[in-house]
$ cat target_18.txt   # compact mmCIF, C-alpha atoms
# COMPACT_ATOMS: atom_id res chain seq x y z
CA MET J 1 -10.00 -21.45 -20.65
CA ALA J 2 -10.05 -18.92 -17.83
CA ASN J 3 -12.16 -18.63 -14.69
CA THR J 4 -13.54 -15.16 -14.05
CA VAL J 5 -14.82 -13.78 -10.74
CA GLU J 6 -16.14 -10.29 -10.16
CA ILE J 7 -17.12 -7.99 -7.29
CA THR J 8 -18.65 -4.49 -7.34
CA CYS J 9 -18.32 -2.00 -4.47
CA ALA J 10 -19.22 1.64 -3.93
CA ALA J 11 -16.09 3.80 -4.31
CA GLU J 12 -15.65 4.29 -0.55
CA PRO J 13 -12.49 3.75 1.54
CA GLU J 14 -14.09 0.63 3.09
CA ALA J 15 -14.04 -1.00 -0.36
CA LEU J 16 -10.25 -1.34 -0.20
CA GLY J 17 -10.33 -3.97 2.54
CA ILE J 18 -13.26 -5.76 0.88
CA PHE J 19 -11.30 -6.01 -2.40
CA ARG J 20 -8.19 -7.35 -0.62
CA THR J 21 -10.22 -10.04 1.15
CA PHE J 22 -11.91 -10.94 -2.15
CA ILE J 23 -8.52 -11.31 -3.87
CA GLU J 24 -7.19 -13.45 -1.00
CA ASP J 25 -10.23 -15.73 -1.01
CA GLU J 26 -10.39 -16.21 -4.79
CA CYS J 27 -6.63 -16.66 -5.18
CA SER J 28 -6.69 -19.28 -2.45
CA ARG J 29 -9.35 -21.22 -4.41
CA PHE J 30 -7.11 -21.22 -7.47
CA GLY J 31 -3.88 -22.03 -5.59
CA ILE J 32 -2.10 -18.76 -6.43
CA PRO J 33 1.27 -18.37 -4.62
CA GLU J 34 1.34 -16.04 -1.60
CA GLU J 35 3.81 -13.59 -3.17
CA VAL J 36 1.64 -13.17 -6.25
CA VAL J 37 -1.43 -12.65 -4.06
CA PHE J 38 0.39 -9.88 -2.17
CA ASP J 39 1.37 -8.13 -5.41
CA LEU J 40 -2.20 -8.36 -6.74
CA LYS J 41 -3.62 -6.95 -3.50
CA LEU J 42 -1.10 -4.11 -3.56
CA ALA J 43 -1.68 -3.14 -7.20
CA VAL J 44 -5.48 -3.29 -6.88
CA ASP J 45 -5.33 -1.31 -3.63
CA GLU J 46 -3.26 1.44 -5.25
CA VAL J 47 -5.53 1.72 -8.28
CA CYS J 48 -8.72 1.68 -6.21
CA SER J 49 -7.33 4.16 -3.64
CA ASN J 50 -6.89 6.62 -6.50
CA VAL J 51 -10.44 6.04 -7.68
CA VAL J 52 -11.82 6.40 -4.14
CA MET J 53 -9.82 9.58 -3.41
CA HIS J 54 -9.96 11.32 -6.79
CA GLY J 55 -11.99 9.37 -9.35
CA TYR J 56 -15.43 10.67 -8.51
CA LYS J 57 -14.42 14.19 -7.49
CA GLY J 58 -17.06 16.70 -8.51
CA MET J 59 -19.62 14.06 -9.42
CA PRO J 60 -21.95 11.69 -7.55
CA PRO J 61 -19.98 8.78 -6.04
CA GLY J 62 -20.11 5.69 -8.21
CA SER J 63 -18.86 2.16 -8.13
CA ILE J 64 -15.71 0.16 -8.80
CA ILE J 65 -15.91 -3.22 -10.50
CA LEU J 66 -13.04 -5.62 -9.86
CA ALA J 67 -12.77 -8.68 -12.10
CA LEU J 68 -10.12 -11.37 -11.72
CA GLN J 69 -9.42 -13.82 -14.50
CA PHE J 70 -7.41 -16.93 -13.66
CA TRP J 71 -5.45 -18.42 -16.58
CA PRO J 72 -3.04 -21.36 -16.29
CA ASP J 73 -0.04 -19.03 -16.73
CA ARG J 74 -1.28 -15.67 -15.46
CA VAL J 75 -3.87 -13.69 -13.53
CA THR J 76 -5.57 -10.80 -15.31
CA VAL J 77 -7.16 -8.04 -13.26
CA GLN J 78 -9.67 -5.60 -14.68
CA ILE J 79 -10.72 -2.55 -12.67
CA THR J 80 -13.58 -0.46 -14.04
CA ASP J 81 -14.88 2.85 -12.76
CA PHE J 82 -17.12 5.55 -14.20
CA GLY J 83 -15.41 8.62 -12.78
CA GLN J 84 -12.89 11.12 -14.11
CA VAL J 85 -10.81 10.09 -17.08
CA PHE J 86 -7.29 9.40 -15.91
CA SER J 87 -4.18 8.01 -17.50
CA PRO J 88 -1.28 6.44 -15.58
CA ASP J 89 1.06 8.32 -17.96
CA GLN J 90 0.08 11.57 -16.22
CA THR J 91 1.74 10.60 -12.94
CA PRO J 92 5.15 12.10 -12.17
CA ALA J 93 8.02 9.69 -11.50
CA PRO J 94 8.77 9.46 -7.77
CA ASP J 95 12.12 10.31 -6.21
CA LEU J 96 13.58 7.02 -5.00
CA ASP J 97 17.15 8.08 -4.26
CA GLY J 98 17.18 11.41 -2.43
CA PRO J 99 17.67 11.94 1.30
CA LEU J 100 14.63 11.63 3.56
CA GLU J 101 14.23 15.39 3.88
CA ASP J 102 13.73 15.76 0.11
CA ARG J 103 11.43 12.81 -0.43
CA ARG J 104 7.81 13.28 -1.38
CA ALA J 105 5.20 10.60 -0.93
CA GLY J 106 3.45 11.32 -4.24
CA GLY J 107 3.68 8.99 -7.20
CA LEU J 108 4.67 5.94 -5.15
CA GLY J 109 1.38 4.16 -5.81
CA TRP J 110 1.78 4.00 -9.58
CA HIS J 111 5.44 3.14 -9.17
CA LEU J 112 4.43 0.11 -7.06
CA ILE J 113 1.83 -0.93 -9.65
CA PHE J 114 4.39 -0.84 -12.48
CA GLN J 115 6.98 -2.65 -10.32
CA THR J 116 4.71 -5.51 -9.27
CA MET J 117 2.66 -6.12 -12.43
CA ASP J 118 3.90 -7.51 -15.76
CA SER J 119 1.67 -5.26 -17.82
CA VAL J 120 -0.59 -2.26 -17.25
CA ALA J 121 -3.09 -1.05 -19.86
CA TYR J 122 -5.64 1.73 -19.62
CA GLU J 123 -8.67 2.29 -21.78
CA HIS J 124 -11.43 4.85 -21.61
CA SER J 125 -14.70 4.40 -23.45
CA GLY J 126 -18.42 4.92 -23.00
CA ALA J 127 -18.27 1.81 -20.81
CA GLY J 128 -16.06 3.59 -18.26
CA ASN J 129 -12.37 3.68 -17.37
CA VAL J 130 -10.89 0.22 -17.57
CA LEU J 131 -7.46 -0.56 -16.19
CA THR J 132 -6.14 -4.02 -17.05
CA LEU J 133 -3.24 -5.51 -15.09
CA GLN J 134 -1.49 -8.78 -15.80
CA LYS J 135 0.59 -10.86 -13.44
CA LYS J 136 2.43 -13.89 -14.79
CA LEU J 137 2.63 -17.12 -12.83
CA ASP J 138 6.05 -18.79 -12.85
CA MET A 1 -6.03 -1.24 12.97
CA GLU A 2 -4.88 -1.63 16.58
CA ILE A 3 -2.33 0.85 17.92
CA LYS A 4 -0.51 0.47 21.23
CA ASP A 5 2.01 2.91 22.73
CA ARG A 6 4.58 2.31 25.42
CA LYS A 7 7.47 4.39 26.71
CA ILE A 8 10.91 3.04 27.47
CA ASN A 9 12.90 5.88 29.01
CA ASP A 10 12.75 8.64 26.38
CA ILE A 11 11.83 6.29 23.55
CA THR A 12 8.25 5.85 22.35
CA VAL A 13 7.43 2.42 20.97
CA VAL A 14 4.29 2.35 18.85
CA GLY A 15 2.93 -1.05 17.94
CA PHE A 16 0.58 -1.49 15.01
CA ALA A 17 -1.48 -4.57 14.21
CA GLY A 18 -3.34 -5.11 10.95
CA SER A 19 -3.21 -3.86 7.38
CA ILE A 20 -2.32 -0.32 6.34
CA ASP A 21 -4.27 1.15 3.45
CA SER A 22 -5.69 4.59 2.64
CA LEU A 23 -8.40 4.11 5.27
CA THR A 24 -6.29 2.85 8.20
CA ALA A 25 -3.40 5.18 7.32
CA GLN A 26 -5.59 8.12 8.35
CA GLN A 27 -5.91 6.62 11.84
CA ILE A 28 -2.15 6.06 12.07
CA SER A 29 -1.42 9.53 10.74
CA ALA A 30 -3.63 11.18 13.39
CA HIS A 31 -1.99 9.04 16.09
CA MET A 32 1.54 9.90 14.98
CA ASP A 33 0.67 13.61 14.72
CA GLY A 34 -0.48 13.47 18.35
CA LEU A 35 2.75 11.81 19.49
CA ILE A 36 4.93 14.30 17.62
CA ALA A 37 2.89 17.26 18.89
CA GLY A 38 3.38 15.85 22.40
CA GLY A 39 7.13 16.10 21.89
CA ALA A 40 8.03 12.51 20.97
CA SER A 41 11.28 12.44 19.02
CA LYS A 42 12.77 8.96 19.41
CA ILE A 43 10.17 6.64 17.95
CA VAL A 44 10.24 2.92 17.24
CA ALA A 45 7.38 1.78 15.03
CA ASP A 46 6.81 -1.90 15.77
CA PHE A 47 5.64 -3.39 12.47
CA SER A 48 5.86 -7.04 13.53
CA GLN A 49 2.03 -7.36 13.42
CA VAL A 50 1.60 -5.40 10.17
CA ASP A 51 0.87 -7.89 7.40
CA TYR A 52 0.29 -5.41 4.59
CA THR A 53 0.93 -1.83 3.57
CA SER A 54 0.15 0.21 0.49
CA SER A 55 1.82 3.49 -0.42
CA ALA A 56 -0.55 5.15 2.06
CA GLY A 57 1.48 3.55 4.87
CA LEU A 58 4.73 4.75 3.32
CA ARG A 59 3.41 8.29 3.28
CA VAL A 60 2.64 8.14 7.02
CA VAL A 61 6.07 6.65 7.82
CA LEU A 62 7.80 9.31 5.71
CA LEU A 63 5.97 12.22 7.34
CA ALA A 64 6.42 10.82 10.87
CA ALA A 65 10.14 10.22 10.30
CA LYS A 66 10.60 13.77 9.01
CA ALA A 67 8.73 15.13 12.04
CA ALA A 68 10.71 12.95 14.49
CA ARG A 69 13.96 14.24 12.99
CA GLY A 70 12.54 17.75 13.18
CA ASN A 71 12.12 17.14 16.93
CA GLY A 72 15.79 16.13 17.12
CA GLY A 73 15.23 12.35 17.07
CA ASP A 74 14.42 9.71 14.48
CA LEU A 75 11.94 6.99 13.61
CA PHE A 76 13.07 3.37 13.31
CA LEU A 77 11.02 0.46 12.00
CA ALA A 78 11.17 -2.84 13.89
CA GLY A 79 10.15 -6.37 12.96
CA VAL A 80 9.05 -5.57 9.41
CA GLN A 81 7.53 -8.62 7.70
CA LYS A 82 9.01 -9.85 4.42
CA GLN A 83 6.24 -8.64 2.09
CA VAL A 84 6.04 -5.23 3.75
CA GLU A 85 9.82 -4.93 3.49
CA LYS A 86 9.46 -5.56 -0.24
CA VAL A 87 7.17 -2.51 -0.52
CA LEU A 88 9.71 -0.42 1.41
CA SER A 89 12.52 -1.68 -0.77
CA LEU A 90 10.73 -1.11 -4.12
CA THR A 91 10.17 2.52 -3.17
CA GLY A 92 13.68 3.23 -1.91
CA PHE A 93 12.54 3.57 1.71
CA THR A 94 15.11 1.10 3.02
CA SER A 95 17.82 3.67 2.22
CA ILE A 96 16.21 6.48 4.26
CA ILE A 97 14.55 4.65 7.18
CA LYS A 98 16.48 2.30 9.45
CA LEU A 99 15.03 -1.18 9.85
CA PHE A 100 15.76 -3.47 12.80
CA PRO A 101 14.78 -7.10 13.31
CA ASP A 102 13.01 -6.37 16.59
CA VAL A 103 12.08 -3.59 19.01
CA ASP A 104 14.95 -4.28 21.41
CA SER A 105 17.62 -3.86 18.74
CA ALA A 106 15.94 -0.66 17.49
CA ILE A 107 15.90 0.77 21.02
CA SER A 108 19.54 -0.05 21.61
CA ASN A 109 20.49 1.90 18.46
CA PHE A 110 19.17 5.21 19.77

$ encode --input "target_18.txt" --output "structure tokens"
Amino acid sequence: MANTVEITCAAEPEALGIFRTFIEDECSRFGIPEEVVFDLKLAVDEVCSNVVMHGYKGMPPGSIILALQFWPDRVTVQITDFGQVFSPDQTPAPDLDGPLEDRRAGGLGWHLIFQTMDSVAYEHSGAGNVLTLQKKLD
Amino acid sequence: MEIKDRKINDITVVGFAGSIDSLTAQQISAHMDGLIAGGASKIVADFSQVDYTSSAGLRVVLLAAKAARGNGGDLFLAGVQKQVEKVLSLTGFTSIIKLFPDVDSAISNF
């Protein structure tokens, strides 16, 4: 049996801080370890930053729905938006080894999401774009 | 996001307090652009009061470090908290930006 909590915000930059505070507050209620909370905040922030910056380009600004599901052995995060269709597979791999002069900042967000989450799944349907992240609890 | 500058000889120490995301990174970016345009080259970014950064913060650090080197100096990070250091490490930033435990040790390495 899982506990689910949900928050909806307009896809504006201010939503990012609101989502992080929501994650902190809800994770604290369910006793989630600090390191896991940080990873969840980071992954959600990266996903939602993309939606805020690019998701609703060329269309009226919409909303982002963040749902957290607390299971005994994992936390599942579902982020839904109604903007442009986007797949994480489209992002180029970042350069992590080159000298500073050659580094580009692009692609680091998705890299961080894949590094900190145990699974990432994307689905697009009439109900919007739904990204599902899973983080295991040790 | 609170930002506080101080000069120690020819070194500019910029202290940040708060969380860095796509919103606050814009404020930091504008501030760093101003410093660089004003000729700052040796910069210590005091991260001891930064409890969180996303990739937006990395972007600002990367661009500021490139610009500082372009001015003939460098940008060092001081007092980086454990979780923020993890973000730097996961993205390979710890191999291109020098980290110091505190501002004093960063200053003494210029």

$ closest_residue --input "target_18.txt" --among "J:Asp102, J:Asp97, J:Glu34, J:Asp118" --to "A:Phe93" --atoms "all atoms listed in the file"
J:Asp97

$ residues_around --input "target_18.txt" --residues "A:Met32" --least-positions-apart "3" --cutoff "12 Å" --atoms "only C-alpha atoms" --output "MDAnalysis selection string"
chainID A and resid 3:5 12:16 25:29 35:41 43:45 57 59:68 75

$ closest_residue --input "target_18.txt" --among "A:Glu2, A:Asp51, A:Asp10, A:Asp33" --to "chain J" --atoms "all atoms listed in the file"
A:Asp51

$ interface_residues --input "target_18.txt" --of "chain A" --to "chain J" --cutoff "8 Å" --atoms "all atoms listed in the file" --output "PyMOL selection string"
chain A and resi 21-23+53-55+58-59+62+66+83+87+90-93+95-97

$ closest_residue --input "target_18.txt" --among "A:Ile20, A:Leu99, A:Met1, A:Ala30" --to "A:Glu85" --atoms "all atoms listed in the file"
A:Leu99

$ closest_residue --input "target_18.txt" --among "A:Thr24, A:Asn71, A:Asn9, A:Gln49" --to "A:Val84" --atoms "only C-alpha atoms"
A:Gln49

$ residues_around --input "target_18.txt" --residues "J:Thr80" --least-positions-apart "2" --cutoff "10 Å" --atoms "only C-alpha atoms" --output "number ranges by chain"
J: 8, 48, 51, 63-67, 77-78, 82-83, 122-124, 127-132

$ write_last_selection --input "target_18.txt" --atoms "C-alpha atoms" --output "mmCIF file, keeping the file's coordinate frame"
data_model
loop_
_atom_site.group_PDB
_atom_site.id
_atom_site.type_symbol
_atom_site.label_atom_id
_atom_site.label_comp_id
_atom_site.auth_asym_id
_atom_site.auth_seq_id
_atom_site.Cartn_x
_atom_site.Cartn_y
_atom_site.Cartn_z
ATOM 1 C CA THR J 8 -18.650 -4.490 -7.340
ATOM 2 C CA CYS J 48 -8.720 1.680 -6.210
ATOM 3 C CA VAL J 51 -10.440 6.040 -7.680
ATOM 4 C CA SER J 63 -18.860 2.160 -8.130
ATOM 5 C CA ILE J 64 -15.710 0.160 -8.800
ATOM 6 C CA ILE J 65 -15.910 -3.220 -10.500
ATOM 7 C CA LEU J 66 -13.040 -5.620 -9.860
ATOM 8 C CA ALA J 67 -12.770 -8.680 -12.100
ATOM 9 C CA VAL J 77 -7.160 -8.040 -13.260
ATOM 10 C CA GLN J 78 -9.670 -5.600 -14.680
ATOM 11 C CA PHE J 82 -17.120 5.550 -14.200
ATOM 12 C CA GLY J 83 -15.410 8.620 -12.780
ATOM 13 C CA TYR J 122 -5.640 1.730 -19.620
ATOM 14 C CA GLU J 123 -8.670 2.290 -21.780
ATOM 15 C CA HIS J 124 -11.430 4.850 -21.610
ATOM 16 C CA ALA J 127 -18.270 1.810 -20.810
ATOM 17 C CA GLY J 128 -16.060 3.590 -18.260
ATOM 18 C CA ASN J 129 -12.370 3.680 -17.370
ATOM 19 C CA VAL J 130 -10.890 0.220 -17.570
ATOM 20 C CA LEU J 131 -7.460 -0.560 -16.190
ATOM 21 C CA THR J 132 -6.140 -4.020 -17.050
#
